[in-house]
Amino acid sequence: MRPGAQDSRTDFDAIVVGSGMSGGWAMKELTEAGLETLVLERGRMVEHGTDYVTEHNRPWEMPQRGRIPPEVLDRDYPVQQRTFVLSEYTQHYFYRDADVPIVEEEPFTWVQTSIVGGRSVLWGRQSYRMSAMDFEANAADGYGVDWPVRYEDVAPWYDRVERAIGVSGSVEGLPQLPDGVFQAPMEMNVAEKHAKAAIEGAFPGRRVIIGRTATLTEPLDGRAPCHYCGPCERGCSTSSYYSTQSVALPAARATGRLTLRPHSVVHSVLYDPSTNRASGVRVIDAETLEEREYTARVVFLCASAMGTARIMLHSVSERFPDGIANSSGMVGRNILEHHARVGASGRLEGFTDRYYRGNRPNGVYVPRFRNLDAASRHPDFLRGYGMQGGASRVGWGRGASMAGFGASFKERLRTPGEWRISLQAYGEVLPDPDNRCTLDPEVRDRWGIPALRFNVTRGENELAMRTDMAATAAEMLEAVGARDVATFDRPEVPPGTANHEMGTARMGRDPDTSVLNRFNQCHDVPNLFVTDGACMTSSACQNPSLTYLALTARACAHAVDLLGSGEL
Amino acid sequence: MIDRREAVRRISVLVGGALCPSTVAGLMAGCRAPGLGERYEPRTLSRTQLRRVETVAELILPATDTPGASGARVHEYVDMMLSDFFGDAERRHFLGELEHLDEVATSVVGSRFDDASPAERTLVLEALDDEAFPDPAVEPERAAAVRARVAAGEPPFMRTMKELTVTGYYTSEVGQTVELRIPPFGPYLADEPLDRIGRSWA
């Protein structure tokens, strides 16, 4: 936020709602393109470096050794506790659920952060392109509506984003997982290399590659390569992974055209019927509850798939009684995510004289191998899944369940235990308009805005896919020579828990069945853009953030063009 | 715990030397351990119970060429866990088992636990460890019975005590920096001979 006279400014070229994954990118693109840009974030400021207060803490430096007591989790974080990144180290980045309630008509997880940077600070950093096949998936099998873009439309924007954020990975030449602009890949450990050779030998068509991650292995624009300390989600003062704070915010600030307002809860988008434009937004100050209005020529909603849907549904007018730009009725529908918590693990014998140094914030990846072509078609389900996993040596934790005690017991724990290897699948879900969120008539958040009510369930396709996910994970580990291979499948873990929720304002060709056009503009309101996960027409099975960034970059360039040509 | 100068040095190497003061301040915020008073005031355990927990923890992870559980103040960690992480029933069960040590000691070595010699205490703990960790390959029925007790929320004493001791010790400064090692900041080395590294990473 800029001090002084600027603080009272209320009119801008562009407003961006949200400062996380997509909002961060929009602020960078729009300010660099010359637009005076206001970024509104409901959470508090977290300054790069200085506010990562637990960054390199060790467990004994935390009052409760890094854990949050079960009683506190159940009282304050009944929903948020479902994400593994919530801990005593990261607690200060999350809202208490009571402040940002949701209503789970069916169980659903919506992870909500309370900070500038949002989930770009806490994300898993896995960065994969969607493929030509993914952009054609809905058209091919008829579920959902067709994407209004194809891979070649997005490819240059993937290039642009990867160059700027830094993605490390290996070039593989796989049509289902296009290569990108990569820094040097991280290395597999000895057990993972063994697993790669064994799996690729036993199952032609299946590949094991190192994860592609937005974590630097080489310096980039003054950012240091990763130092392998491990817990990225606490924030990284060396800027070694992409976050709003490490890349987008400094770039936007450097232009002199950024006004960033934390503690700004967007109540609704303002609509001007005389021009059929979004004229701005209404904001509630998170601390004083004072209401303000800001105006701009374009408005970008980047408040997360669910946050954006909520704002749109809450922005009612005579023209849009069911929410702004919702003449299709599709806002809040077609919720997509990735279904996970299914896979297998086992122990590996051998390699006892080999070890590694450093906490590599990355694992191995098995790109999708089902339903790529006629030969790989599976009879029981459509679409497919990828797998993430890795191998490591068991540490001191094994002592808790080991017989014995005394000096020899301690001596055994001084050296690492056996190798363990695991694979976990992430699967695509089919678009279904009945998977939806609506505004709850009663429950409100601490600022008085109606809570979202979720009604999302998984269908037969997902359940059939899960059976195959567990089976193929196990058969691959068996091929590696793992012992005591055990599968796991937790279908009861609520949708949304993988933190990849999307689809609530999908892109499409037809204004009757979709909310956004091929440039992420609302069909109904051309100066209103949505570039977060809400825009996704299908989920693919890849971690989605890289695609949000690419689509955001593309939409920003289009908005700038339209402003320049006078069309907006 | 790494000291301030060492932390600044490590970070400065990483980012090429130049750090603004506020960045250093932020990095340093993590380097202050919560103060451990000379005399710890237990919150759940009585002083007698605290001493007993300290004795048992030290038997599980004794001082060798590095400090043991007592030196890592594992007993204080156990008191914190009992206070903040255990449910009422779980806590009652653990405290009951802790008192029950006297009965076990009487039957094994003929005296109360606190009156037993160090060698006798080891015998008592061996009996309790055997009760808690039967080898499923050798005694499948006993192993199943232990699993059932764990599932019912009434685990054998050594199950809980060992888990607390191991976790408390290896998350302590002593456990992580004197007994084990924290990986130094720097490049990831994917395939190193264990001999060259020597110890398990903390």
# chains A, B, ... in the order shown; residues from 1 in each chain; ligands from 1
$ interface_residues --of "chain A" --to "chain B" --cutoff "8 Å" --atoms "only C-alpha atoms" --output "VMD selection string"
chain A and resid 49 to 65 69 to 71 187 to 190 223 to 224 226 to 229 237 to 238 352 to 360 395 to 397 399 to 407 409 to 410 413 to 416
$ residues_around --residues "segment 447-449 of chain A" --least-positions-apart "5" --cutoff "10 Å" --atoms "only C-alpha atoms" --output "VMD selection string"
chain A and resid 99 to 100 265 to 268 284 to 289 310 to 311 314 439 to 440 442
$ closest_residue --among "A:Asn362, A:Gln183, A:Gln176, A:Ser243" --to "Met130 of chain A" --atoms "only C-alpha atoms"
A:Gln176
$ select_by_dssp --residues "segment 428-552 of chain A" --states "helix (DSSP H, G or I)" --output "VMD selection string"
chain A and resid 460 to 480 533 to 535 545 to 552
$ write_last_selection --atoms "C-alpha atoms" --output "PDB file, in the first residue's frame"
ATOM      1  CA  GLU A 460     -19.194 -43.619 -10.486  1.00  0.00           C
ATOM      2  CA  ASN A 461     -16.387 -42.650 -12.856  1.00  0.00           C
ATOM      3  CA  GLU A 462     -14.228 -41.420  -9.990  1.00  0.00           C
ATOM      4  CA  LEU A 463     -14.966 -44.451  -7.844  1.00  0.00           C
ATOM      5  CA  ALA A 464     -14.121 -46.839 -10.675  1.00  0.00           C
ATOM      6  CA  MET A 465     -10.925 -44.897 -11.302  1.00  0.00           C
ATOM      7  CA  ARG A 466      -9.921 -45.241  -7.645  1.00  0.00           C
ATOM      8  CA  THR A 467      -9.991 -49.014  -7.846  1.00  0.00           C
ATOM      9  CA  ASP A 468      -7.589 -48.841 -10.761  1.00  0.00           C
ATOM     10  CA  MET A 469      -5.397 -46.222  -9.055  1.00  0.00           C
ATOM     11  CA  ALA A 470      -4.768 -48.428  -6.033  1.00  0.00           C
ATOM     12  CA  ALA A 471      -4.204 -51.500  -8.189  1.00  0.00           C
ATOM     13  CA  THR A 472      -1.713 -49.878 -10.573  1.00  0.00           C
ATOM     14  CA  ALA A 473       0.171 -48.195  -7.714  1.00  0.00           C
ATOM     15  CA  ALA A 474       0.539 -51.580  -6.039  1.00  0.00           C
ATOM     16  CA  GLU A 475       1.545 -53.447  -9.193  1.00  0.00           C
ATOM     17  CA  MET A 476       4.214 -50.846  -9.958  1.00  0.00           C
ATOM     18  CA  LEU A 477       5.669 -51.127  -6.472  1.00  0.00           C
ATOM     19  CA  GLU A 478       5.617 -54.919  -6.768  1.00  0.00           C
ATOM     20  CA  ALA A 479       7.553 -54.564 -10.021  1.00  0.00           C
ATOM     21  CA  VAL A 480      10.118 -52.458  -8.170  1.00  0.00           C
ATOM     22  CA  GLY A 533      -9.550 -21.830 -10.837  1.00  0.00           C
ATOM     23  CA  ALA A 534     -13.172 -20.850 -11.403  1.00  0.00           C
ATOM     24  CA  CYS A 535     -12.480 -20.608 -15.137  1.00  0.00           C
ATOM     25  CA  SER A 545      -1.738 -23.645 -10.710  1.00  0.00           C
ATOM     26  CA  LEU A 546       0.562 -23.321 -13.714  1.00  0.00           C
ATOM     27  CA  THR A 547      -2.499 -23.289 -15.963  1.00  0.00           C
ATOM     28  CA  TYR A 548      -4.143 -20.563 -13.842  1.00  0.00           C
ATOM     29  CA  LEU A 549      -1.017 -18.440 -14.307  1.00  0.00           C
ATOM     30  CA  ALA A 550      -0.875 -19.023 -18.058  1.00  0.00           C
ATOM     31  CA  LEU A 551      -4.565 -18.230 -18.547  1.00  0.00           C
ATOM     32  CA  THR A 552      -4.193 -15.158 -16.331  1.00  0.00           C
TER      33      THR A 552
END
$ residues_around --residues "Ile102 of chain A" --least-positions-apart "4" --cutoff "8 Å" --atoms "only C-alpha atoms" --output "number ranges by chain"
A: 97, 443, 451-454
$ write_last_selection --atoms "N, CA and C atoms" --output "CSV table (one decimal), in the first residue's frame"
chain,number,residue,atom,x,y,z
A,97,ASP,N,-11.8,-21.3,11.2
A,97,ASP,CA,-13.0,-21.6,10.4
A,97,ASP,C,-14.2,-20.8,10.8
A,443,VAL,N,-26.1,-18.7,7.2
A,443,VAL,CA,-24.7,-18.6,7.8
A,443,VAL,C,-24.0,-17.5,7.1
A,451,ALA,N,-22.3,-17.3,3.7
A,451,ALA,CA,-21.3,-18.4,3.5
A,451,ALA,C,-21.7,-19.3,2.3
A,452,LEU,N,-20.7,-20.0,1.8
A,452,LEU,CA,-21.0,-20.9,0.7
A,452,LEU,C,-21.5,-22.2,1.3
A,453,ARG,N,-22.5,-22.8,0.6
A,453,ARG,CA,-23.1,-24.1,1.0
A,453,ARG,C,-22.7,-25.0,-0.1
A,454,PHE,N,-22.0,-26.1,0.2
A,454,PHE,CA,-21.5,-27.0,-0.7
A,454,PHE,C,-22.3,-28.3,-0.9
$ decode --residues "segment 20-147 of chain B" --atoms "C-alpha atoms" --output "CSV table (one decimal), in the first residue's frame"
chain,number,residue,atom,x,y,z
B,20,CYS,CA,18.6,-5.9,4.4
B,21,PRO,CA,18.3,-5.6,8.2
B,22,SER,CA,14.6,-6.4,8.3
B,23,THR,CA,15.2,-9.6,6.5
B,24,VAL,CA,17.8,-10.6,9.0
B,25,ALA,CA,15.4,-9.7,11.8
B,26,GLY,CA,12.8,-11.9,10.3
B,27,LEU,CA,15.2,-14.8,9.9
B,28,MET,CA,16.4,-14.3,13.4
B,29,ALA,CA,12.9,-14.4,14.9
B,30,GLY,CA,13.0,-18.1,14.5
B,31,CYS,CA,16.3,-18.5,16.4
B,32,ARG,CA,15.1,-17.8,19.9
B,33,ALA,CA,14.1,-20.9,21.8
B,34,PRO,CA,11.3,-20.6,24.3
B,35,GLY,CA,13.0,-20.2,27.6
B,36,LEU,CA,13.5,-23.3,29.6
B,37,GLY,CA,13.5,-22.3,33.2
B,38,GLU,CA,15.9,-23.8,35.7
B,39,ARG,CA,13.1,-25.3,37.7
B,40,TYR,CA,10.3,-26.6,35.5
B,41,GLU,CA,6.8,-26.3,37.0
B,42,PRO,CA,4.8,-29.3,35.8
B,43,ARG,CA,1.3,-28.7,34.6
B,44,THR,CA,-0.2,-32.2,34.8
B,45,LEU,CA,2.4,-34.5,36.5
B,46,SER,CA,3.2,-34.2,40.2
B,47,ARG,CA,6.8,-33.7,41.0
B,48,THR,CA,7.1,-37.3,42.0
B,49,GLN,CA,5.5,-38.4,38.7
B,50,LEU,CA,7.8,-36.0,36.7
B,51,ARG,CA,10.8,-37.6,38.3
B,52,ARG,CA,9.5,-41.1,37.5
B,53,VAL,CA,8.9,-40.1,33.9
B,54,GLU,CA,12.4,-38.7,33.8
B,55,THR,CA,13.8,-41.9,35.1
B,56,VAL,CA,11.9,-44.1,32.7
B,57,ALA,CA,12.7,-41.9,29.7
B,58,GLU,CA,16.4,-42.0,30.6
B,59,LEU,CA,16.3,-45.8,30.7
B,60,ILE,CA,14.8,-45.8,27.2
B,61,LEU,CA,17.3,-43.3,25.7
B,62,PRO,CA,20.2,-43.1,28.1
B,63,ALA,CA,23.2,-40.8,28.1
B,64,THR,CA,25.9,-42.4,26.1
B,65,ASP,CA,28.5,-40.4,24.2
B,66,THR,CA,25.7,-38.0,23.8
B,67,PRO,CA,23.1,-36.7,26.4
B,68,GLY,CA,20.1,-38.9,27.0
B,69,ALA,CA,16.4,-38.2,27.5
B,70,SER,CA,17.0,-36.4,30.8
B,71,GLY,CA,19.5,-34.1,29.3
B,72,ALA,CA,17.0,-33.3,26.5
B,73,ARG,CA,14.3,-32.6,29.2
B,74,VAL,CA,12.0,-35.2,27.6
B,75,HIS,CA,10.1,-35.3,30.9
B,76,GLU,CA,9.0,-31.7,30.4
B,77,TYR,CA,7.9,-32.6,26.9
B,78,VAL,CA,5.9,-35.5,28.3
B,79,ASP,CA,4.2,-33.1,30.7
B,80,MET,CA,3.3,-30.7,27.9
B,81,MET,CA,1.9,-33.5,25.8
B,82,LEU,CA,-0.2,-34.9,28.6
B,83,SER,CA,-1.5,-31.3,29.3
B,84,ASP,CA,-2.2,-30.2,25.7
B,85,PHE,CA,-2.5,-33.2,23.4
B,86,PHE,CA,-4.0,-36.0,25.5
B,87,GLY,CA,-7.7,-36.4,26.0
B,88,ASP,CA,-9.0,-36.9,29.5
B,89,ALA,CA,-9.4,-40.7,29.2
B,90,GLU,CA,-6.0,-41.0,27.5
B,91,ARG,CA,-4.3,-39.0,30.2
B,92,ARG,CA,-6.1,-40.9,33.0
B,93,HIS,CA,-5.0,-44.2,31.5
B,94,PHE,CA,-1.3,-43.1,31.2
B,95,LEU,CA,-1.2,-41.7,34.7
B,96,GLY,CA,-2.7,-45.0,36.0
B,97,GLU,CA,-0.1,-47.0,34.2
B,98,LEU,CA,2.6,-44.8,35.6
B,99,GLU,CA,1.4,-45.6,39.1
B,100,HIS,CA,1.0,-49.2,38.2
B,101,LEU,CA,4.8,-49.4,37.7
B,102,ASP,CA,5.0,-50.0,41.5
B,103,GLU,CA,2.9,-53.2,41.2
B,104,VAL,CA,4.9,-54.4,38.2
B,105,ALA,CA,8.2,-53.7,40.0
B,106,THR,CA,7.0,-55.5,43.2
B,107,SER,CA,6.1,-58.6,41.2
B,108,VAL,CA,9.3,-58.5,39.1
B,109,VAL,CA,11.9,-57.4,41.6
B,110,GLY,CA,10.2,-57.3,44.9
B,111,SER,CA,10.2,-53.6,45.6
B,112,ARG,CA,8.6,-50.3,44.6
B,113,PHE,CA,9.9,-48.8,41.3
B,114,ASP,CA,11.4,-45.8,43.0
B,115,ASP,CA,13.2,-48.0,45.6
B,116,ALA,CA,14.6,-50.4,42.9
B,117,SER,CA,18.2,-50.3,41.9
B,118,PRO,CA,19.1,-49.2,38.3
B,119,ALA,CA,19.6,-52.8,37.3
B,120,GLU,CA,16.2,-53.8,38.8
B,121,ARG,CA,14.5,-50.9,37.0
B,122,THR,CA,15.9,-52.2,33.8
B,123,LEU,CA,14.4,-55.6,34.6
B,124,VAL,CA,11.0,-54.0,35.2
B,125,LEU,CA,11.2,-52.1,31.9
B,126,GLU,CA,12.1,-55.3,30.1
B,127,ALA,CA,9.0,-56.9,31.4
B,128,LEU,CA,6.9,-53.9,30.3
B,129,ASP,CA,8.6,-53.7,26.9
B,130,ASP,CA,8.0,-57.4,26.3
B,131,GLU,CA,4.3,-56.9,27.2
B,132,ALA,CA,4.0,-53.9,24.8
B,133,PHE,CA,6.0,-55.2,21.8
B,134,PRO,CA,5.5,-58.9,21.2
B,135,ASP,CA,6.9,-60.1,17.9
B,136,PRO,CA,3.9,-60.7,15.6
B,137,ALA,CA,5.9,-63.4,13.8
B,138,VAL,CA,6.5,-65.3,17.0
B,139,GLU,CA,3.5,-64.5,19.1
B,140,PRO,CA,0.7,-63.5,16.7
B,141,GLU,CA,-2.1,-63.8,19.4
B,142,ARG,CA,-0.3,-61.6,21.9
B,143,ALA,CA,0.5,-59.1,19.2
B,144,ALA,CA,-3.2,-59.0,18.2
B,145,ALA,CA,-4.2,-58.5,21.8
B,146,VAL,CA,-1.8,-55.5,22.0
B,147,ARG,CA,-3.3,-54.0,18.8
